[in-house]
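Q: My structure file run.txt, compact mmCIF, C-alpha atoms, is below:
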# COMPACT_ATOMS: atom_id res chain seq x y z
CA ARG D 1 25.05 205.81 108.36
CA MET D 2 22.50 204.08 106.07
CA LEU D 3 25.09 203.79 103.26
CA THR D 4 27.57 202.26 105.69
CA ALA D 5 24.97 199.72 106.81
CA LEU D 6 24.19 198.84 103.20
CA ALA D 7 27.88 198.43 102.40
CA LEU D 8 28.38 196.17 105.43
CA GLY D 9 25.32 194.15 104.48
CA ARG D 10 26.62 193.76 100.94
CA GLU D 11 30.00 192.59 102.23
CA GLU D 12 28.34 190.07 104.55
CA LEU D 13 26.19 188.75 101.69
CA ALA D 14 29.25 188.42 99.44
CA ARG D 15 31.11 186.58 102.22
CA ARG D 16 28.19 184.21 102.74
CA ASN D 17 27.76 183.56 99.03
CA ALA D 18 31.48 182.83 98.62
CA ALA D 19 31.07 180.00 101.14
CA ILE D 20 28.12 178.38 99.32
CA PRO D 21 29.33 175.18 97.60
CA VAL D 22 29.22 175.56 93.82
CA SER D 23 27.50 172.17 93.56
CA LEU D 24 24.55 173.12 95.82
CA PRO D 25 22.28 174.15 92.89
CA ALA D 26 22.92 170.69 91.41
CA VAL D 27 21.37 169.13 94.51
CA TRP D 28 18.14 171.10 93.97
CA ALA D 29 18.23 170.17 90.28
CA ALA D 30 18.61 166.48 91.15
CA LEU D 31 15.61 166.85 93.47
CA GLY D 32 13.59 168.08 90.47
CA ASP D 33 13.50 171.74 91.53
CA GLY D 34 15.14 173.35 88.49
CA GLY D 35 13.68 176.75 89.32
CA ARG D 36 15.33 176.86 92.73
CA ALA D 37 18.59 175.60 91.20
CA GLU D 38 18.50 178.38 88.61
CA ALA D 39 17.71 181.06 91.19
CA LEU D 40 20.51 179.93 93.49
CA ALA D 41 23.07 179.62 90.69
CA GLY D 42 22.10 182.98 89.25
CA GLY D 43 22.02 184.92 92.49
CA ALA D 44 24.68 183.47 94.75
CA PHE D 45 27.83 183.29 92.64
CA ALA D 46 30.20 185.56 90.75
CA ALA D 47 30.39 185.11 86.96
CA GLY D 48 32.96 182.28 86.75
CA ARG D 49 31.41 180.24 89.57
CA GLN D 50 27.95 180.97 88.21
CA ASP D 51 28.75 179.20 84.94
CA GLU D 52 30.20 176.23 86.83
CA ALA D 53 27.14 176.03 89.10
CA LEU D 54 24.77 176.18 86.13
CA ALA D 55 26.68 173.48 84.25
CA LEU D 56 26.62 171.13 87.25
CA ALA D 57 22.92 171.82 87.82
CA ALA D 58 22.07 171.22 84.15
CA GLN D 59 23.84 167.88 84.16
CA ALA D 60 22.12 166.93 87.42
CA SER D 61 18.69 167.72 85.92
CA ALA D 62 19.51 165.59 82.88
CA SER D 63 20.69 162.74 85.15
CA VAL D 64 17.22 162.49 86.71
CA GLY D 65 15.41 162.80 83.36
CA GLU D 66 14.46 166.49 83.63
CA PHE D 67 15.77 167.31 80.14
CA SER D 68 13.83 170.52 79.48
CA ALA D 69 14.94 171.94 82.84
CA ALA D 70 18.50 170.91 82.01
CA GLU D 71 18.41 172.85 78.75
CA VAL D 72 16.97 175.93 80.48
CA LEU D 73 19.80 175.84 83.03
CA ALA D 74 22.44 175.32 80.35
CA ASP D 75 21.18 178.26 78.33
CA GLN D 76 22.08 180.60 81.22
CA ILE D 77 25.80 179.72 80.83
CA VAL D 78 27.82 182.63 79.44
CA ASP D 79 31.09 180.91 78.52
CA LYS D 80 30.62 179.40 75.05
CA ASP D 81 32.97 176.43 75.49
CA ARG D 82 31.37 175.43 78.79
CA LEU D 83 27.91 175.80 77.23
CA GLU D 84 28.91 173.51 74.34
CA ARG D 85 30.30 170.85 76.67
CA THR D 86 27.22 171.01 78.88
CA LEU D 87 24.82 170.69 75.93
CA ALA D 88 26.81 167.71 74.63
CA SER D 89 26.55 166.08 78.06
CA ILE D 90 22.78 166.72 78.24
CA SER D 91 22.32 165.25 74.77
CA ALA D 92 24.21 162.11 75.79
CA LYS D 93 22.16 161.67 78.97
CA ALA D 94 18.91 161.87 76.96
CA LEU D 95 19.94 159.27 74.38
CA CYS D 96 18.25 156.23 75.87
CA THR D 97 15.13 158.11 76.99
CA ASP D 98 14.31 160.82 74.45
CA THR D 99 16.24 160.53 71.19
CA ASP D 100 14.33 163.42 69.57
CA PHE D 101 15.45 165.77 72.37
CA ALA D 102 19.00 164.37 72.15
CA GLU D 103 19.09 165.04 68.40
CA ARG D 104 17.74 168.57 68.70
CA VAL D 105 20.31 169.50 71.35
CA ALA D 106 23.10 167.80 69.39
CA ASN D 107 22.23 169.91 66.34
CA ARG D 108 22.58 173.06 68.44
CA LEU D 109 26.31 172.38 68.91
CA SER D 110 28.54 174.70 66.89
CA SER D 111 31.66 172.57 67.48
CA GLU D 112 31.90 170.19 64.52
CA ARG D 113 33.76 167.62 66.63
CA LEU D 114 31.21 167.62 69.46
CA ARG D 115 28.27 167.60 67.05
CA ALA D 116 29.70 164.73 64.98
CA THR D 117 30.32 162.65 68.12
CA ALA D 118 26.84 163.39 69.49
CA LEU D 119 25.19 162.39 66.21
CA GLN D 120 27.30 159.21 66.00
CA LYS D 121 25.98 158.25 69.43
CA LEU D 122 22.45 158.98 68.25
CA VAL D 123 22.74 156.72 65.17
CA GLY D 124 24.09 153.86 67.27
CA VAL D 125 21.52 154.21 70.02
CA ARG D 126 18.59 154.38 67.60
CA ALA D 127 19.93 151.25 65.90
CA ALA D 128 20.17 149.54 69.27
CA VAL D 129 16.58 150.35 70.09
CA ASP D 130 14.67 149.83 66.83
CA SER D 131 16.89 149.01 63.88
CA ASP D 132 19.22 146.43 62.36
CA TRP D 133 22.69 146.49 63.91
CA GLY D 134 24.43 145.60 60.64
CA GLU D 135 22.84 148.61 58.94
CA ALA D 136 23.83 150.80 61.87
CA GLN D 137 27.48 149.76 61.58
CA THR D 138 27.42 150.69 57.90
CA GLU D 139 25.94 154.09 58.73
CA LEU D 140 28.48 154.69 61.50
CA GLY D 141 31.28 154.04 59.02
CA ALA D 142 34.38 151.88 58.90
CA GLN D 143 36.48 154.06 61.23
CA PRO D 144 36.86 152.87 64.85
CA LEU D 145 34.30 154.52 67.13
CA PRO D 146 35.45 156.93 69.87
CA GLU D 147 35.24 155.38 73.35
CA SER D 148 32.39 157.70 74.37
CA VAL D 149 30.32 156.51 71.37
CA HIS D 150 31.10 152.89 72.20
CA TYR D 151 29.85 153.44 75.74
CA GLU D 152 26.54 155.10 74.83
CA VAL D 153 25.76 152.55 72.11
CA ALA D 154 26.70 149.70 74.45
CA GLU D 155 24.41 151.03 77.19
CA ALA D 156 21.51 151.23 74.73
CA LEU D 157 22.13 147.71 73.41
CA ALA D 158 22.24 146.41 76.99
CA LYS D 159 18.99 148.17 77.84
CA ALA D 160 17.40 146.53 74.77
CA GLU D 161 18.91 143.17 75.90
CA ARG D 162 20.66 142.77 72.54
CA PHE D 163 23.64 141.00 74.04
CA ALA D 164 24.78 139.29 70.81
CA ASP D 165 24.98 142.72 69.15
CA LEU D 166 26.91 143.99 72.18
CA GLU D 167 29.53 141.29 71.70
CA ALA D 168 29.69 142.11 67.98
CA LEU D 169 30.33 145.75 68.91
CA ALA D 170 33.04 144.65 71.34
CA MET D 171 34.84 142.68 68.64
CA SER D 172 34.57 145.42 65.98
CA SER D 173 37.96 146.96 66.91
CA SER D 174 41.39 145.39 67.29
CA GLY D 175 44.61 146.11 69.15
CA ARG D 176 44.63 148.41 72.18
CA ARG D 177 41.41 150.11 71.06
CA GLY D 178 39.77 146.69 70.76
CA ALA D 179 40.87 145.74 74.28
CA GLU D 180 39.48 149.01 75.63
CA ALA D 181 36.17 148.39 73.84
CA ARG D 182 35.94 144.83 75.20
CA GLY D 183 36.69 146.01 78.73
CA LEU D 184 34.13 148.79 78.55
CA ILE D 185 31.45 146.49 77.12
CA ALA D 186 32.25 143.76 79.66
CA GLY D 187 31.39 146.32 82.35
CA VAL D 188 28.14 147.23 80.58
CA LEU D 189 27.20 143.53 80.31
CA ALA D 190 27.96 142.94 84.00
CA ARG D 191 25.82 145.89 85.08
CA ALA D 192 22.99 144.65 82.83
CA GLY D 193 23.05 141.25 84.53
CA ALA D 194 24.65 139.36 81.61
CA ILE D 195 27.60 138.50 83.85
CA SER D 196 28.61 135.21 82.23
CA ASP D 197 28.83 137.02 78.87
CA ALA D 198 30.99 139.67 80.56
CA GLU D 199 33.30 136.96 81.92
CA ARG D 200 33.69 135.37 78.49
CA LEU D 201 34.60 138.73 76.97
CA THR D 202 37.05 139.56 79.77
CA ALA D 203 38.88 136.26 79.28
CA SER D 204 40.15 137.62 75.95
CA ILE D 205 41.65 140.78 77.53
CA ARG D 206 45.37 140.76 78.33
CA ALA D 207 46.03 144.43 79.17
CA PRO D 208 46.27 144.44 83.00
CA VAL D 209 44.48 147.74 83.73
CA ILE D 210 41.59 147.01 81.34
CA ARG D 211 41.26 143.45 82.62
CA THR D 212 41.33 144.61 86.25
CA ARG D 213 38.61 147.20 85.65
CA ALA D 214 36.42 144.60 83.88
CA LEU D 215 36.90 142.06 86.68
CA ALA D 216 35.90 144.68 89.25
CA ASP D 217 32.67 145.32 87.31
CA ILE D 218 32.04 141.56 87.15
CA ALA D 219 32.59 141.14 90.91
CA ALA D 220 30.14 143.98 91.56
CA GLY D 221 27.66 142.36 89.17
CA TRP D 222 27.84 139.02 90.98
CA ALA D 223 27.43 140.87 94.28
CA GLN D 224 24.26 142.53 93.04
CA ALA D 225 23.00 139.14 91.84
CA GLY D 226 23.66 137.67 95.31
CA ASN D 227 26.15 135.05 94.06
CA VAL D 228 28.76 135.19 96.82
CA VAL D 229 30.70 132.18 95.51
CA ALA D 230 31.17 133.93 92.16
CA VAL D 231 32.22 137.13 93.96
CA ASP D 232 34.94 135.18 95.80
CA ARG D 233 36.15 133.59 92.58
CA THR D 234 36.29 136.93 90.77
CA VAL D 235 38.08 138.71 93.65
CA GLY D 236 40.75 135.97 93.47
CA GLN D 237 41.20 136.66 89.74
CA LEU D 238 41.27 140.36 90.51
CA ALA D 239 44.15 139.94 92.98
CA ASP D 240 46.22 138.20 90.28
CA SER D 241 45.38 140.87 87.71
CA VAL D 242 46.18 143.79 90.05
CA ALA D 243 49.65 142.36 90.68
CA ARG D 244 50.45 143.07 87.01
CA VAL D 245 49.18 146.68 87.01
CA LYS D 246 52.15 149.06 87.04
CA ASP D 247 50.28 152.22 88.08
CA SER D 248 49.38 151.85 91.77
CA HIS D 249 47.15 154.93 91.67
CA VAL D 250 44.95 153.41 88.96
CA ALA D 251 44.84 150.00 90.66
CA CYS D 252 43.82 151.53 94.02
CA ARG D 253 41.10 153.62 92.40
CA ILE D 254 39.59 150.52 90.75
CA LEU D 255 39.78 148.42 93.93
CA LEU D 256 38.41 151.09 96.25
CA SER D 257 35.48 151.67 93.91
CA LEU D 258 34.73 147.92 94.09
CA ALA D 259 35.06 147.93 97.88
CA PHE D 260 32.47 150.74 97.98
CA ARG D 261 30.09 148.73 95.83
CA LEU D 262 30.53 145.54 97.88
CA THR D 263 29.83 147.50 101.07
CA THR D 264 26.58 148.88 99.64
CA GLN D 265 25.56 145.29 98.80
CA GLU D 266 26.15 144.39 102.48
CA LEU D 267 29.07 142.11 101.63
CA GLY D 268 31.39 143.43 104.33
CA ASP D 269 33.62 140.33 104.40
CA ARG D 270 34.31 140.63 100.66
CA ALA D 271 34.88 144.39 100.96
CA ARG D 272 37.46 143.62 103.66
CA GLU D 273 39.22 141.22 101.31
CA VAL D 274 39.43 143.87 98.59
CA ALA D 275 40.62 146.41 101.18
CA ARG D 276 43.34 143.93 102.24
CA ILE D 277 44.57 143.80 98.62
CA VAL D 278 44.66 147.62 98.59
CA GLU D 279 46.72 147.70 101.82
CA GLN D 280 49.21 145.21 100.33
CA LEU D 281 49.46 147.37 97.23
CA LEU D 282 50.06 150.49 99.32
CA ASP D 283 52.86 148.75 101.21
CA ARG D 284 54.82 148.69 97.94
CA VAL D 285 54.32 152.37 97.08
CA ALA D 286 57.37 154.56 97.64
CA GLY D 287 56.94 158.26 98.43
CA ASP D 288 53.80 160.41 98.38
CA GLN D 289 52.84 159.44 101.92
CA ALA D 290 49.86 161.79 101.96
CA TRP D 291 48.32 159.87 99.05
CA VAL D 292 49.19 156.50 100.67
CA ASN D 293 47.70 157.45 104.04
CA GLY D 294 44.60 158.82 102.35
CA ARG D 295 44.03 155.58 100.43
CA ARG D 296 44.62 153.58 103.64
CA ALA D 297 41.95 155.65 105.39
CA ILE D 298 39.43 154.92 102.63
CA ALA D 299 40.34 151.21 102.43
CA ARG D 300 39.93 150.78 106.19
CA ALA D 301 36.56 152.53 106.11
CA ALA D 302 35.45 150.20 103.31
CA ALA D 303 36.55 147.28 105.51
CA GLY D 304 34.50 148.63 108.41
CA ASP D 305 37.59 149.61 110.41
CA TRP D 306 36.40 153.11 111.22
CA ALA D 307 38.92 153.66 114.05
CA GLY D 308 41.79 152.63 111.75
CA SER D 309 40.44 154.94 109.08
CA ARG D 310 40.37 157.86 111.51
CA ALA D 311 43.94 157.11 112.65
CA ALA D 312 45.17 157.19 109.02
CA ARG D 313 43.32 160.46 108.35
CA GLU D 314 44.90 162.09 111.38
CA LEU D 315 48.32 161.75 109.71
CA LEU D 316 47.22 164.11 106.91
CA ASP D 317 47.49 167.88 106.55
CA ASP D 318 44.28 169.95 106.63
CA LYS D 319 43.61 169.89 102.87
CA HIS D 320 44.19 166.16 102.41
CA TYR D 321 42.28 165.48 105.61
CA ALA D 322 39.20 167.28 104.29
CA ASP D 323 39.42 165.60 100.85
CA VAL D 324 39.76 162.08 102.26
CA THR D 325 37.20 162.62 105.02
CA GLU D 326 34.63 163.59 102.39
CA GLU D 327 35.31 160.33 100.51
CA VAL D 328 35.04 158.30 103.72
CA ALA D 329 31.77 160.04 104.61
CA LEU D 330 30.42 159.25 101.13
CA LEU D 331 31.24 155.60 101.74
CA ALA D 332 29.30 155.67 105.01
CA GLU D 333 26.41 157.49 103.32
CA THR D 334 26.10 155.09 100.37
CA SER D 335 26.23 152.12 102.77
CA ARG D 336 23.32 153.73 104.66
CA GLN D 337 25.30 154.53 107.80
CA TRP D 338 23.82 158.01 107.86
CA GLU D 339 24.57 159.05 111.43
CA ARG D 340 28.18 157.96 111.03
CA ALA D 341 28.50 159.95 107.80
CA THR D 342 27.27 163.09 109.52
CA ARG D 343 29.64 162.58 112.48
CA ILE D 344 32.60 162.05 110.14
CA ILE D 345 31.92 165.32 108.33
CA ALA D 346 31.52 167.18 111.63
CA ALA D 347 35.19 166.36 112.31
CA ILE D 348 36.34 168.56 109.39
CA PRO D 349 37.62 171.74 111.10
CA ASP D 350 37.04 174.09 108.14
CA LEU D 351 33.35 175.01 107.98
CA THR D 352 33.45 175.76 104.24
CA ARG D 353 34.82 172.27 103.58
CA GLN D 354 32.15 170.85 105.87
CA ALA D 355 29.51 172.54 103.73
CA GLU D 356 31.08 171.12 100.55
CA ALA D 357 31.14 167.62 102.04
CA LEU D 358 27.50 167.84 103.18
CA THR D 359 26.54 169.00 99.70
CA ALA D 360 28.33 165.98 98.20
CA LEU D 361 26.33 163.67 100.49
CA ALA D 362 23.08 165.43 99.60
CA TYR D 363 23.81 165.08 95.89
CA ALA D 364 24.61 161.36 96.25
CA ASP D 365 21.30 160.87 98.09
CA ALA D 366 19.34 162.90 95.53
CA VAL D 367 20.59 161.01 92.47
CA GLY D 368 20.38 157.74 94.43
CA GLY D 369 16.67 158.28 95.02
CA ASN D 370 16.83 159.01 98.77
CA LYS D 371 15.23 162.44 98.46
CA ALA D 372 14.00 162.66 102.04
CA ARG D 373 17.55 162.22 103.38
Please lay out the structure from this file as structure tokens.
A:
Amino acid sequence: RMLTALALGREELARRNAAIPVSLPAVWAALGDGGRAEALAGGAFAAGRQDEALALAAQASASVGEFSAAEVLADQIVDKDRLERTLASISAKALCTDTDFAERVANRLSSERLRATALQKLVGVRAAVDSDWGEAQTELGAQPLPESVHYEVAEALAKAERFADLEALAMSSSGRRGAEARGLIAGVLARAGAISDAERLTASIRAPVIRTRALADIAAGWAQAGNVVAVDRTVGQLADSVARVKDSHVACRILLSLAFRLTTQELGDRAREVARIVEQLLDRVAGDQAWVNGRRAIARAAAGDWAGSRAARELLDDKHYADVTEEVALLAETSRQWERATRIIAAIPDLTRQAEALTALAYADAVGGNKAR
């Protein structure tokens, strides 16, 4: 009888653990409790999910500046490839805060490709912080930089307010790679508050997707700066640019991300205008109605039309319904409509998916600084 009870207890524990979202340890890591994250990841998941949980938790720790805890979590990962990717990610997140830590972790990488990329980032970031940019370019070499290196170096230059060097970096490549670099760096400039510089750089971009993404970053930058007139002007340019984007999926993703950001800046009227552009775009999409209805649900939520969003979600099957509802709840959460976010998630019929959605909200709050929520 005792053995039977133990077996039943073990089965119940396994069933409960299988329902725990794999990203839950990352929430504790983002809250600064690496020990609890490690204990949960190590004790609640089977081997494959355990590695995934540890990798997510390690990256979450690094995102909030807990680099030593991130390395401890990463070192529990069994799969070598996942460990390498996680260490590379931790190294990148430490670049602008602790270059010595970033270098030590980069040198642990056994993959020559990952190590070379990590060390390229390190050279560029150190140059951005305390060296001569011309010397750094010589050290980095004449070959075009990978996009990930461009991004990390650009972020460091922006943090050091070396905007002239940022523009020099943007113009260091030509052709499609050059356009991608200019678009990426325009976004970095906009987020750093150098929005007029970002606009000047974007004016030279002709590729529709790259230009659209840069304009969305600029609109969000003006929103954060409180310049509503400039937001309106940029959204008008964005509508023209989107009309030339061939891939509707990409265009919708860019626009919905902007609508989210405008909502969080309490610019509901401008979010509604962006959502209107999304709806017009969706009207031209043939087929894949589940995707179309899902995007409509998110666009309407961004516009504040919660009833319309719910109506669009109710046209979806269970899986798509849960996926889209989680995104809509995240929109409510990031715009500080906390009770609404909780009610939206409560409408997901599958309790496991509810738990996953609640974990996503908790993670967004943790990395966003709202630890009490």
Q: Which one is closest to Lys246 of chain D: D:Leu215, D:Leu281, D:Ala74, D:Ala271? Count all atoms listed in the file.
A: D:Leu281
Q: Just the number, please: distance in Å from atom CA of Ala322 of chain D to atom CA of Ala29 of chain D, one decimal.
A: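 Computing it gives 25.4 Å between the two atoms.
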Q: How far is it from atom CA of Ala225 of chain D to atom CA of Arg261 of chain D, in Å with one decimal?
A: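 Going from atom CA of Ala225 of chain D over to atom CA of Arg261 of chain D covers 12.6 Å.
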Q: What is the atom CA of Glu339 of chain D-atom CA of Gln354 of chain D distance in Å, reported with one decimal?
A: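 Atom-to-atom, atom CA of Glu339 of chain D to atom CA of Gln354 of chain D, that is 15.1 Å.
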Q: From the set D:Ala329, D:Ala302, D:Ala181, D:Ala127, which residue has the shortest atom-to-atom contact distance to Ala207 of chain D, counting all atoms listed in the file?
A: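 Checking each candidate against Ala207 of chain D, we get D:Ala181 as the closest.
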Q: Of the candidates D:Lys159, D:Arg211, D:Arg36, D:Arg270, which one gets nearest to Leu189 of chain D if we count all atoms listed in the file?
A: D:Lys159
Q: Select, counting all atoms listed in the file, all protein, DNA and RNA residues no farther than 10 Å from (29.4, 139.0, 89.3) in file coordinates, and express the selection as a list in words.
A: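 Every polymer residue passing the test: Ala190, Arg191, Gly193, Ala194, Ile195, Ser196, Ala198, Glu199, Leu215, Ala216, Asp217, Ile218, Ala219, Ala220, Gly221, Trp222, Ala223, Gln224, Ala225, Gly226, Asn227, Val228, Val229, Ala230, Val231, Asp232, Arg233, Thr234 and Val235 of chain D.
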Q: If we count all atoms listed in the file, what is near segment 331-335 of chain D at a cut-off of 9 Å, once residues fewer than 5 positions away on the same chain are taken out, given as a ChimeraX atom specification?
A: /D:260-261,263-266,298,301-302,326,340-342,344,361,364-365,368
Q: Find the residues near Pro208 of chain D: any atom within 10 Å, counting all atoms listed in the file, skip ones fewer than 2 places away on the same chain, and give them as a list in words.
A: Ile205, Arg206, Ile210, Arg211, Thr212, Arg213, Ala214, Leu238, Asp240, Ser241, Val242, Ala243, Arg244, Val245, Lys246 and Ala251 of chain D
Q: Pick out the closest residue to Arg300 of chain D from this set: D:Asp350, D:Asp317, D:Glu279, D:Glu84. Count all atoms listed in the file.
A: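 When distances to Arg300 of chain D are compared using all atoms listed in the file, the smallest one comes from D:Glu279.
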Q: Around (49.1, 152.3, 100.0) in the file's own coordinates, what residues are found within 12 Å if you use all atoms listed in the file, given back as a PyMOL selection string?
A: chain D and resi 247-253+255-256+275-300+312
Q: So, with all atoms listed in the file as the atoms that count, which of D:Gly183, D:Arg104, D:Lys93, D:Ala55 lies closest to Lys80 of chain D?
A: D:Ala55
Q: Could you work out an axis-aligned bounding box for all listed atoms of segment 114-122 of chain D, with 3 Å added on each of the six sides, and give its centre and edge lengths in Å to one decimal, as lines of an AutoDock Vina configuration file?
A:
center_x = 26.8
center_y = 162.9
center_z = 67.2
size_x = 14.8
size_y = 15.4
size_z = 10.5
